[in-house]
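Below is one structure, written out as structure tokens, with a few remarks after it.
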Amino acid sequence: MPEITSITTPIYYVNSVPHIGTMLTTLAADVTARYRRMRGEKVLFLTGTDENGLKVKEAAEAAGKDPQAFVDAISDQFRVIWRGMNFSVDDFIRTTEPRHRRAVEEVWVRLRDKGYLYADTYKGWYDVSSETFYKESDLVDGKSPDGNDVRWVEEENWFFRLSAFEDRLLAHIETHPNFIIPESRKNEVVSFIRQGLRDTCVTRANPGWGIPVPGDPEKVVYVWFDALVNYLAASGWPDDPHYTASWPNTVEWMGKDILTRFHATLWPAMLMGLEVDLPETLVGHAWMLMGGEKISKSKGNVVAPLDLARDLAEKSGCSFELAVDAVRYASTAAMPFENDGVWTLENFDRTYNSDLANDLGNALNRTIAIISKFAEGRIPDAEPEAETVAACERAKAAFEEAMAGYRVDRAAHAALDVIRFLNKYIDTRAPWALAKASDAALPGVLRGMALCLRTAEGLIRPIMPTTADAIADQMALTPVTVWDEVGRRASAPGGATLGSPKPMFPRLESAKIGVAPTTEAPEPEKPKKPAKGLPEPASEVDIEEFFRLNLRVARILEAEPVEGSDKLLKLQVMVGSEKRQVVAGIRSSYSPEDLIGLQVVLVANLKPAKIRGLESQGMLLAADDGEGAILVSPERESPEGVRVR
Ligand code: MSP
């Protein structure tokens, strides 16, 4: 086992800028890297750009640019965009760098000297888009199996004796159950090898771009034979005798398209030929499709990850850094593993609303507001209720198990589970009722709530580092950055004074969900004119008429100011088992934290109205003394949702 945990992504072609497809693999690797660092491992997270292929040269020509200037510019964009996505990259390798070229030349010379390379004529098809050689029988309707155009090639070339490695490859896969993940893809690789591996062409005629073949400069090294070497070059091989500090790689992340032919056959065979150890694990995840197709420049369905974050920040009002976290979270949670996933802006926005604006936002606001209200803002020095401790342990164990199998999607769900548990726990344990009844359980409930929130901060950190810091900041505690501390009672210490809750992920109103990004700012919604005065009450009404009003006892669960209004509060109230949103003009009389847990009377069958674009599903009864509102509250704690008459 090397002393350094090395985590890699494919190196990306620089014929186009990053999109959410290439971002996904890099994100999965980043989440892995951040998690392993929290566990105390020394991590090297490697990514980079693949610059030597014909595809890149032709893209430069099409853009009318000098190839080197073209690849420099696009490679820079990858670095900038990955930094914007907060990817914790330790090393970025480019195949036009001397360290890479040196390693490729050495691989060539060693394999040639061992007799694994030989000259022959290549006659067959070439797909420039995927830089892959195909034989006639591979083609489907005259195109590559992926539907790309192919060109006929007849050249004197060099071949690699891939066929010599069939048995050794199968034996390695058999004896290393974690070599290829997931299982279904491992089976595909095994049947591909069993069909028989043919020696593979590993050079092309030199087009004036690429790494010339040592001793045969009329040819360049085939771009895949060249690109795969990046992983080894980054370790310092062949010149650094300490390259084994980070070699072999712990995990090489990639999409399924480049697993079978390249990473799971050609690459390990090259390493076997060199007598260099093989990477521990190859993960080949599924694709994210858009409109039924793989996201790619040639399909014209590219979404740039930072544009997505920028649009979200604009639409929702959250900060750009938190919007980046939202893109990270939603993409991790939707990471396609065994089966292809489908990307839509609507799904993305809905995940944002349900998981971040609602679940995470509520858990954070309510926990801090409730501890402020019922414990003077201090985490009580009491034993957290066993239920909360168990929920934290469960979520942590589920997260670890998911990450052990590289299921970052499941890890994201485990992190959210503790948040969802916390919201339910607050509803069922009803700390406001415990406070009213001076119940001795209250301190343990509050400590348990703080522990859950803190555990969520730790679990979410590899996925949403900025959000995790913000949670710690709002709790006025030092961030939990060490895995062992996640879920520990001591991480939510009794006696600690919390800060104040600040909204992080404002809800997207339904009208904005999925709205395609525009450059022009939308017309601001005109606030409705407030009714001038109230109509006079009738001199008398029938009792039947009065009974047509559905008045119910409701409990305020959440309260927050409506942005841009100094009068309105947005409330979430429970009426029995039903949750309602009510927009109430009581901001001048109440601060949001004073309302949490309060029982009030709701006119439950009032026709819903839109106030400042927010739906209000009912009205709270209040007295009006001319100065402001005084809410009507049952004289003592009432059963939830009962009728008032
Ligand atoms: N340059 C080669 C890799 C060489 S590695 C030694 C290459 N580059 S690429 O730019 O085409 O990137 C391919 C990788 O991007 C895929 O394997 C996958 O990891 C990722 N993805 C690109 N589009 C994607 C989706 N639509 N969905 C999921 N992953 C996506 O191949």
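In the structure tokens, chains take letters A, B, ... by order of appearance, with residues numbered from 1 within each chain and ligands from 1 in the order shown.
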Considering only C-alpha atoms, return as a PyMOL selection string whatever protein or nucleic-acid residues lie within 9 Å of Ile20 (chain A), sequence-local ones (same chain, fewer than 6 positions apart) excluded. chain A and resi 288+295+302-305+331
Expected selection as an mmCIF file with N, CA, C and O atoms, in the first residue's frame for ligand 1 within 7 Å, only C-alpha atoms and all ligand atoms:
```cif
data_model
loop_
_atom_site.group_PDB
_atom_site.id
_atom_site.type_symbol
_atom_site.label_atom_id
_atom_site.label_comp_id
_atom_site.auth_asym_id
_atom_site.auth_seq_id
_atom_site.Cartn_x
_atom_site.Cartn_y
_atom_site.Cartn_z
ATOM 1 N N PRO A 10 -10.258 10.900 -15.469
ATOM 2 C CA PRO A 10 -9.661 10.843 -16.809
ATOM 3 C C PRO A 10 -9.046 12.218 -17.088
ATOM 4 O O PRO A 10 -9.465 13.212 -16.490
ATOM 5 N N ILE A 11 -8.095 12.283 -17.978
ATOM 6 C CA ILE A 11 -7.647 13.611 -18.408
ATOM 7 C C ILE A 11 -8.525 13.957 -19.608
ATOM 8 O O ILE A 11 -8.771 13.124 -20.476
ATOM 9 N N TYR A 12 -9.043 15.170 -19.594
ATOM 10 C CA TYR A 12 -10.098 15.524 -20.552
ATOM 11 C C TYR A 12 -9.534 16.095 -21.845
ATOM 12 O O TYR A 12 -8.550 16.839 -21.830
ATOM 13 N N TYR A 13 -10.194 15.742 -22.953
ATOM 14 C CA TYR A 13 -9.807 16.305 -24.242
ATOM 15 C C TYR A 13 -10.042 17.804 -24.212
ATOM 16 O O TYR A 13 -11.070 18.260 -23.696
ATOM 17 N N VAL A 14 -9.120 18.529 -24.807
ATOM 18 C CA VAL A 14 -9.259 19.987 -24.788
ATOM 19 C C VAL A 14 -9.847 20.517 -26.091
ATOM 20 O O VAL A 14 -9.562 21.629 -26.495
ATOM 21 N N GLY A 21 -21.170 16.970 -17.704
ATOM 22 C CA GLY A 21 -20.764 15.574 -17.838
ATOM 23 C C GLY A 21 -19.355 15.364 -17.302
ATOM 24 O O GLY A 21 -19.123 14.533 -16.421
ATOM 25 N N THR A 22 -18.407 16.137 -17.820
ATOM 26 C CA THR A 22 -17.020 15.986 -17.340
ATOM 27 C C THR A 22 -16.908 16.442 -15.880
ATOM 28 O O THR A 22 -16.102 15.917 -15.115
ATOM 29 N N LEU A 24 -19.066 15.898 -13.586
ATOM 30 C CA LEU A 24 -19.545 14.830 -12.700
ATOM 31 C C LEU A 24 -18.431 13.908 -12.228
ATOM 32 O O LEU A 24 -18.331 13.604 -11.040
ATOM 33 N N THR A 25 -17.609 13.440 -13.164
ATOM 34 C CA THR A 25 -16.527 12.528 -12.792
ATOM 35 C C THR A 25 -15.544 13.237 -11.861
ATOM 36 O O THR A 25 -15.072 12.662 -10.878
ATOM 37 N N ASP A 50 -5.926 16.095 -21.844
ATOM 38 C CA ASP A 50 -5.411 15.186 -22.857
ATOM 39 C C ASP A 50 -5.320 16.008 -24.145
ATOM 40 O O ASP A 50 -6.346 16.379 -24.721
ATOM 41 N N SER A 130 -13.855 9.595 -30.792
ATOM 42 C CA SER A 130 -13.481 8.868 -29.566
ATOM 43 C C SER A 130 -12.043 8.365 -29.654
ATOM 44 O O SER A 130 -11.592 7.644 -28.773
ATOM 45 N N TRP A 224 -4.369 7.266 -27.045
ATOM 46 C CA TRP A 224 -4.746 6.534 -25.832
ATOM 47 C C TRP A 224 -3.533 5.889 -25.163
ATOM 48 O O TRP A 224 -3.424 5.875 -23.935
ATOM 49 N N ALA A 227 -2.066 8.861 -23.487
ATOM 50 C CA ALA A 227 -2.826 9.488 -22.395
ATOM 51 C C ALA A 227 -2.828 8.656 -21.116
ATOM 52 O O ALA A 227 -2.726 9.201 -20.011
ATOM 53 N N LEU A 228 -2.959 7.344 -21.251
ATOM 54 C CA LEU A 228 -3.044 6.505 -20.055
ATOM 55 C C LEU A 228 -1.800 6.639 -19.173
ATOM 56 O O LEU A 228 -1.876 6.515 -17.947
ATOM 57 N N ASN A 230 -0.368 9.158 -18.285
ATOM 58 C CA ASN A 230 -0.375 10.339 -17.404
ATOM 59 C C ASN A 230 -0.413 9.957 -15.934
ATOM 60 O O ASN A 230 0.205 10.602 -15.082
ATOM 61 N N MET A 254 -13.819 7.159 -13.737
ATOM 62 C CA MET A 254 -14.077 7.453 -15.157
ATOM 63 C C MET A 254 -15.518 7.102 -15.514
ATOM 64 O O MET A 254 -16.206 6.437 -14.730
ATOM 65 N N GLY A 255 -15.934 7.523 -16.696
ATOM 66 C CA GLY A 255 -17.233 7.107 -17.208
ATOM 67 C C GLY A 255 -17.093 5.752 -17.883
ATOM 68 O O GLY A 255 -15.996 5.334 -18.267
ATOM 69 N N LYS A 256 -18.218 5.059 -18.034
ATOM 70 C CA LYS A 256 -18.208 3.686 -18.559
ATOM 71 C C LYS A 256 -17.668 3.602 -19.985
ATOM 72 O O LYS A 256 -17.189 2.560 -20.405
ATOM 73 N N ASP A 257 -17.715 4.725 -20.723
ATOM 74 C CA ASP A 257 -17.288 4.718 -22.124
ATOM 75 C C ASP A 257 -15.815 4.403 -22.304
ATOM 76 O O ASP A 257 -15.414 3.924 -23.357
ATOM 77 N N ILE A 258 -15.022 4.670 -21.268
ATOM 78 C CA ILE A 258 -13.581 4.497 -21.460
ATOM 79 C C ILE A 258 -13.016 3.429 -20.520
ATOM 80 O O ILE A 258 -11.819 3.364 -20.287
ATOM 81 N N ALA A 286 -21.939 5.349 -14.773
ATOM 82 C CA ALA A 286 -22.794 5.466 -15.964
ATOM 83 C C ALA A 286 -22.810 6.915 -16.452
ATOM 84 O O ALA A 286 -22.162 7.790 -15.875
ATOM 85 N N TRP A 287 -23.563 7.157 -17.493
ATOM 86 C CA TRP A 287 -23.633 8.494 -18.082
ATOM 87 C C TRP A 287 -24.816 9.279 -17.570
ATOM 88 O O TRP A 287 -25.842 8.716 -17.194
ATOM 89 N N MET A 288 -24.657 10.580 -17.658
ATOM 90 C CA MET A 288 -25.778 11.471 -17.425
ATOM 91 C C MET A 288 -26.273 11.870 -18.811
ATOM 92 O O MET A 288 -25.482 12.381 -19.624
ATOM 93 N N LEU A 289 -27.509 11.581 -19.087
ATOM 94 C CA LEU A 289 -28.054 11.891 -20.409
ATOM 95 C C LEU A 289 -28.879 13.174 -20.361
ATOM 96 O O LEU A 289 -29.430 13.532 -19.320
ATOM 97 N N LYS A 294 -25.997 11.433 -24.585
ATOM 98 C CA LYS A 294 -24.880 11.743 -23.708
ATOM 99 C C LYS A 294 -24.549 13.235 -23.884
ATOM 100 O O LYS A 294 -24.596 13.748 -25.008
ATOM 101 N N ILE A 295 -24.228 13.886 -22.766
ATOM 102 C CA ILE A 295 -23.914 15.310 -22.876
ATOM 103 C C ILE A 295 -22.575 15.454 -23.594
ATOM 104 O O ILE A 295 -21.582 14.857 -23.187
ATOM 105 N N SER A 296 -22.552 16.186 -24.678
ATOM 106 C CA SER A 296 -21.277 16.421 -25.338
ATOM 107 C C SER A 296 -21.402 17.603 -26.278
ATOM 108 O O SER A 296 -22.498 17.946 -26.718
#
```
What's around Ala59 (chain A) at 10 Å? Count only C-alpha atoms, leave out sequence neighbours fewer than 2 positions away in its own chain, and write the answer as a PyMOL selection string. chain A and resi 14-16+54-57+61-65+67+70-71
Can you tell me how far CA of Glu615 (chain A) sits from CA of Ala584 (chain A), in Å to one decimal?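 It comes out at 11.0 Å.
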Using only C-alpha atoms, find the one residue out of A:Val389, A:Val43, A:Leu549, A:Leu631 that sits nearest to Gln599 (chain A).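 Once distances to Gln599 (chain A) are computed over only C-alpha atoms, the minimum belongs to A:Leu631.
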Contacts between region 401-418 of chain A and region 4-108 of chain A, please, where a residue of region 4-108 of chain A counts if it comes within 8 Å (with only C-alpha atoms); show its shortest atom pair and distance in Å to one decimal, rows by chain and ascending number, as JSON lines.
```
{"residue": "A:Ala28", "atom": "CA", "partner": "A:Val408", "partner_atom": "CA", "distance": 6.5}
{"residue": "A:Val31", "atom": "CA", "partner": "A:Val408", "partner_atom": "CA", "distance": 7.4}
{"residue": "A:Thr32", "atom": "CA", "partner": "A:Met403", "partner_atom": "CA", "distance": 7.4}
```
Judged by only C-alpha atoms, the minimum distance to Ile193 (chain A) among A:Asn249, A:Ser235, A:Thr260, A:Ser589 is found for A:Thr260
Would you please work out which residue, of A:Phe348, A:Asn423, A:Ala390, A:Phe547, is nearest to Arg488 (chain A) when using only C-alpha atoms?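 Going through A:Phe348, A:Asn423, A:Ala390, A:Phe547 one by one, the smallest distance to Arg488 (chain A) is for A:Ala390.
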With the cut-off set at 10 Å and counting only C-alpha atoms, tabulate each residue of region 279-390 of chain A with an atom at most that distance from an atom of region 86-100 of chain A, showing the nearest atom pair and its distance in Å to one decimal, ordered by chain and increasing number, as a Markdown table.
```
| residue | atom | partner | partner_atom | distance |
| --- | --- | --- | --- | --- |
| A:Glu321 | CA | A:Asn86 | CA | 8.8 |
| A:Val324 | CA | A:Asn86 | CA | 7.9 |
| A:Asp325 | CA | A:Asn86 | CA | 8.5 |
| A:Arg328 | CA | A:Asn86 | CA | 9.1 |
```
Pick out the closest residue to Thr497 (chain A) from this set: A:Val221, A:Ser539, A:Asp381, A:Asn605. Count only C-alpha atoms.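 With only C-alpha atoms as the atom set, the closest residue is A:Asp381.
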Could you go through region 133-176 of chain A and tell me which residues DSSP, when run on the backbone, assigns to alpha helix (DSSP H), listing them as a PyMOL selection string? chain A and resi 166-175
Return as a list in words the full set of residues in region 488-602 of chain A whose backbone-based DSSP assignment is strand (DSSP E). Leu551, Arg552, Val553, Ala554, Arg555, Ile556, Leu557, Glu558, Ala559, Glu560, Pro561, Leu569, Lys570, Leu571, Gln572, Val573, Met574, Val575, Glu578, Lys579, Arg580, Gln581, Val582, Val583, Ala584, Gln599, Val600, Val601 and Leu602 of chain A
Point-to-point distance from CA of Glu280 (chain A) to CA of Phe133 (chain A), Å rounded to tenths: 27.5 Å
CA of Ala103 (chain A) to CA of Trp237 (chain A): how many Å, to one decimal?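 CA of Trp237 (chain A) lies at a distance of 6.7 Å from CA of Ala103 (chain A).
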Give me the residues near Arg310 (chain A) as a ChimeraX atom specification, where near means some atom within 12 Å (using only C-alpha atoms) and where sequence neighbours in that chain fewer than 2 positions away do not count. /A:84-85,303-308,312-327,517-519
Any idea what's packed within 8 Å of region 355-370 of chain A, counting only C-alpha atoms, ignoring anything in its chain fewer than 5 positions away? Could you give it as a compact mmCIF listing (two decimals) with all heavy atoms, in the first residue's frame?
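Saved file selection.txt follows:
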```
# COMPACT_ATOMS: atom_id res chain seq x y z
N ALA A 326 -24.62 23.86 -4.08
CA ALA A 326 -25.90 23.26 -4.48
C ALA A 326 -25.71 22.42 -5.74
O ALA A 326 -26.24 21.31 -5.85
CB ALA A 326 -26.95 24.34 -4.70
N ALA A 375 -33.29 27.69 25.49
CA ALA A 375 -32.10 27.43 26.32
C ALA A 375 -31.13 28.60 26.25
O ALA A 375 -29.93 28.42 26.36
CB ALA A 375 -31.43 26.13 25.86
N GLY A 377 -29.92 30.11 23.92
CA GLY A 377 -28.90 30.01 22.88
C GLY A 377 -27.73 29.12 23.24
O GLY A 377 -26.74 29.06 22.50
N LEU A 416 -28.12 13.54 4.04
CA LEU A 416 -29.44 14.20 4.13
C LEU A 416 -30.37 13.46 5.09
O LEU A 416 -31.25 14.07 5.70
CB LEU A 416 -30.06 14.29 2.73
CG LEU A 416 -30.11 15.69 2.14
CD1 LEU A 416 -31.30 16.48 2.64
CD2 LEU A 416 -28.83 16.49 2.44
N ILE A 419 -30.47 14.89 8.44
CA ILE A 419 -31.19 16.17 8.43
C ILE A 419 -32.70 15.92 8.44
O ILE A 419 -33.46 16.56 9.17
CB ILE A 419 -30.74 16.99 7.20
CG1 ILE A 419 -29.36 17.54 7.50
CG2 ILE A 419 -31.72 18.10 6.88
CD1 ILE A 419 -28.63 18.10 6.33
N ARG A 420 -33.12 14.96 7.64
CA ARG A 420 -34.56 14.64 7.60
C ARG A 420 -35.00 14.08 8.94
O ARG A 420 -36.08 14.38 9.43
CB ARG A 420 -34.84 13.63 6.49
CG ARG A 420 -34.63 14.26 5.15
CD ARG A 420 -35.26 13.48 4.02
NE ARG A 420 -34.86 14.12 2.79
CZ ARG A 420 -33.98 13.63 1.93
NH1 ARG A 420 -33.42 12.46 2.15
NH2 ARG A 420 -33.65 14.30 0.86
N LEU A 422 -33.73 14.84 11.78
CA LEU A 422 -33.78 15.97 12.71
C LEU A 422 -35.09 16.74 12.58
O LEU A 422 -35.74 17.07 13.58
CB LEU A 422 -32.56 16.88 12.45
CG LEU A 422 -32.48 18.20 13.20
CD1 LEU A 422 -32.59 18.00 14.71
CD2 LEU A 422 -31.15 18.90 12.88
N ASN A 423 -35.53 16.99 11.35
CA ASN A 423 -36.80 17.71 11.16
C ASN A 423 -37.97 16.94 11.76
O ASN A 423 -38.83 17.50 12.42
CB ASN A 423 -37.04 17.99 9.68
CG ASN A 423 -36.23 19.19 9.21
OD1 ASN A 423 -36.05 20.16 9.95
ND2 ASN A 423 -35.72 19.13 8.00
N PRO A 431 -40.22 20.42 21.15
CA PRO A 431 -39.56 21.04 22.30
C PRO A 431 -40.35 22.19 22.92
O PRO A 431 -40.25 22.41 24.13
CB PRO A 431 -38.23 21.54 21.72
CG PRO A 431 -38.26 21.29 20.26
CD PRO A 431 -39.35 20.36 19.96
N TRP A 432 -41.17 22.89 22.13
CA TRP A 432 -41.98 23.98 22.68
C TRP A 432 -42.97 23.45 23.71
O TRP A 432 -43.19 24.09 24.73
CB TRP A 432 -42.69 24.73 21.56
CG TRP A 432 -43.32 23.80 20.57
CD1 TRP A 432 -44.54 23.24 20.64
CD2 TRP A 432 -42.72 23.28 19.38
NE1 TRP A 432 -44.76 22.40 19.58
CE2 TRP A 432 -43.66 22.41 18.78
CE3 TRP A 432 -41.47 23.47 18.77
CZ2 TRP A 432 -43.40 21.73 17.60
CZ3 TRP A 432 -41.23 22.79 17.59
CH2 TRP A 432 -42.17 21.92 17.01
N LEU A 446 -32.75 19.06 23.19
CA LEU A 446 -32.02 20.16 22.53
C LEU A 446 -30.59 19.76 22.22
O LEU A 446 -30.07 20.06 21.14
CB LEU A 446 -32.05 21.41 23.42
CG LEU A 446 -33.44 21.98 23.74
CD1 LEU A 446 -33.32 23.26 24.57
CD2 LEU A 446 -34.25 22.25 22.47
N MET A 449 -30.63 17.58 19.25
CA MET A 449 -30.83 18.34 18.01
C MET A 449 -29.51 18.96 17.55
O MET A 449 -29.15 18.90 16.37
CB MET A 449 -31.86 19.47 18.23
CG MET A 449 -33.29 18.96 18.33
SD MET A 449 -34.42 20.19 19.05
CE MET A 449 -34.14 21.60 18.01
N ALA A 450 -28.77 19.53 18.50
CA ALA A 450 -27.47 20.14 18.15
C ALA A 450 -26.52 19.07 17.61
O ALA A 450 -25.79 19.30 16.64
CB ALA A 450 -26.87 20.83 19.37
N LEU A 453 -27.39 18.20 13.99
CA LEU A 453 -27.00 19.26 13.05
C LEU A 453 -25.49 19.22 12.82
O LEU A 453 -25.01 19.35 11.69
CB LEU A 453 -27.43 20.61 13.64
CG LEU A 453 -27.28 21.81 12.71
CD1 LEU A 453 -28.03 21.61 11.41
CD2 LEU A 453 -27.79 23.09 13.40
N ILE A 471 -22.56 26.16 8.34
CA ILE A 471 -23.31 25.56 9.46
C ILE A 471 -22.49 25.74 10.75
O ILE A 471 -23.00 26.18 11.78
CB ILE A 471 -23.62 24.07 9.22
CG1 ILE A 471 -24.55 23.91 8.01
CG2 ILE A 471 -24.23 23.42 10.46
CD1 ILE A 471 -24.84 22.47 7.60
N MET A 475 -23.43 27.94 14.06
CA MET A 475 -23.46 27.34 15.39
C MET A 475 -22.36 27.94 16.27
O MET A 475 -22.25 27.59 17.45
CB MET A 475 -23.27 25.82 15.30
CG MET A 475 -24.42 25.11 14.61
SD MET A 475 -24.21 23.31 14.63
CE MET A 475 -24.94 22.89 16.23
N LEU A 498 -24.57 29.19 20.76
CA LEU A 498 -24.73 29.18 19.31
C LEU A 498 -24.81 30.60 18.76
O LEU A 498 -25.14 31.54 19.49
CB LEU A 498 -26.00 28.42 18.93
CG LEU A 498 -26.08 26.97 19.40
CD1 LEU A 498 -27.35 26.33 18.88
CD2 LEU A 498 -24.87 26.17 18.90
N GLY A 499 -24.55 30.73 17.46
CA GLY A 499 -24.72 32.02 16.79
C GLY A 499 -26.18 32.18 16.38
O GLY A 499 -27.07 31.56 16.99
N SER A 500 -26.40 32.97 15.35
CA SER A 500 -27.80 33.12 14.94
C SER A 500 -27.99 32.54 13.55
O SER A 500 -27.07 32.55 12.73
CB SER A 500 -28.19 34.60 14.96
OG SER A 500 -27.20 35.33 14.32
N PRO A 501 -29.20 32.01 13.29
CA PRO A 501 -29.40 31.38 11.98
C PRO A 501 -29.51 32.43 10.88
O PRO A 501 -30.13 33.47 11.06
CB PRO A 501 -30.74 30.65 12.14
CG PRO A 501 -31.44 31.32 13.27
CD PRO A 501 -30.42 31.98 14.12
N LYS A 502 -28.85 32.13 9.76
CA LYS A 502 -28.97 33.03 8.60
C LYS A 502 -29.45 32.17 7.44
O LYS A 502 -28.93 31.07 7.26
CB LYS A 502 -27.59 33.62 8.24
CG LYS A 502 -27.12 34.66 9.21
CD LYS A 502 -25.66 35.03 8.92
CE LYS A 502 -24.88 35.28 10.18
NZ LYS A 502 -24.31 34.12 10.84
N PRO A 503 -30.42 32.66 6.69
CA PRO A 503 -30.90 31.82 5.57
C PRO A 503 -29.78 31.59 4.56
O PRO A 503 -29.02 32.51 4.26
CB PRO A 503 -32.04 32.63 4.96
CG PRO A 503 -32.04 33.95 5.64
CD PRO A 503 -31.10 33.94 6.79
N MET A 504 -29.65 30.34 4.10
CA MET A 504 -28.59 30.03 3.14
C MET A 504 -29.14 29.76 1.74
O MET A 504 -28.61 30.23 0.76
CB MET A 504 -27.81 28.80 3.61
CG MET A 504 -26.98 29.07 4.83
SD MET A 504 -25.65 27.88 4.96
CE MET A 504 -26.51 26.45 5.47
N PHE A 505 -30.18 28.93 1.69
CA PHE A 505 -30.71 28.52 0.38
C PHE A 505 -32.16 28.97 0.25
O PHE A 505 -33.08 28.19 0.53
CB PHE A 505 -30.63 26.99 0.25
CG PHE A 505 -29.22 26.46 0.29
CD1 PHE A 505 -28.75 25.76 1.39
CD2 PHE A 505 -28.37 26.67 -0.78
CE1 PHE A 505 -27.44 25.27 1.42
CE2 PHE A 505 -27.07 26.17 -0.77
CZ PHE A 505 -26.60 25.47 0.34
N PRO A 506 -32.39 30.22 -0.16
CA PRO A 506 -33.78 30.68 -0.30
C PRO A 506 -34.52 29.80 -1.31
O PRO A 506 -33.94 29.37 -2.31
CB PRO A 506 -33.64 32.10 -0.83
CG PRO A 506 -32.22 32.48 -0.62
CD PRO A 506 -31.42 31.22 -0.57
N ARG A 507 -35.77 29.56 -0.99
CA ARG A 507 -36.58 28.68 -1.84
C ARG A 507 -36.79 29.29 -3.22
O ARG A 507 -36.98 30.50 -3.35
CB ARG A 507 -37.94 28.54 -1.17
CG ARG A 507 -38.49 27.18 -1.15
CD ARG A 507 -39.89 27.18 -0.60
NE ARG A 507 -40.73 26.47 -1.53
CZ ARG A 507 -40.67 25.15 -1.73
NH1 ARG A 507 -39.83 24.42 -1.04
NH2 ARG A 507 -41.43 24.57 -2.61
N LEU A 557 -44.23 26.26 13.01
CA LEU A 557 -42.99 25.48 13.03
C LEU A 557 -41.80 26.31 12.58
O LEU A 557 -40.70 26.16 13.07
CB LEU A 557 -43.10 24.29 12.08
CG LEU A 557 -44.08 23.20 12.45
CD1 LEU A 557 -43.96 22.07 11.45
CD2 LEU A 557 -43.81 22.68 13.86
N GLU A 558 -42.04 27.15 11.60
CA GLU A 558 -40.94 27.96 11.07
C GLU A 558 -41.45 29.36 10.78
O GLU A 558 -42.61 29.53 10.43
CB GLU A 558 -40.46 27.40 9.73
CG GLU A 558 -39.81 26.05 9.84
CD GLU A 558 -39.93 25.30 8.52
OE1 GLU A 558 -39.90 25.94 7.46
OE2 GLU A 558 -40.10 24.08 8.57
N GLU A 593 -38.07 34.19 15.68
CA GLU A 593 -37.75 33.14 16.66
C GLU A 593 -38.74 33.08 17.81
O GLU A 593 -38.90 32.05 18.46
CB GLU A 593 -36.30 33.23 17.15
CG GLU A 593 -35.83 34.52 17.72
CD GLU A 593 -35.37 35.52 16.66
OE1 GLU A 593 -35.67 35.31 15.46
OE2 GLU A 593 -34.75 36.52 17.05
N ILE A 596 -41.73 30.46 16.96
CA ILE A 596 -41.56 29.01 16.73
C ILE A 596 -42.14 28.22 17.91
O ILE A 596 -41.82 28.50 19.06
CB ILE A 596 -40.08 28.70 16.48
CG1 ILE A 596 -39.74 29.30 15.13
CG2 ILE A 596 -39.81 27.20 16.49
CD1 ILE A 596 -38.32 29.25 14.75
```
Considering only C-alpha atoms, return as a list in words whatever protein or nucleic-acid residues lie within 12 Å of Asp216 (chain A), sequence-local ones (same chain, fewer than 4 positions apart) excluded. Glu105, Trp108, Val109, Ala119, Glu156, Asn157, Trp158, Thr203, Arg204, Ala205, Asn206, Ile211, Pro212, Val220 and Val221 of chain A
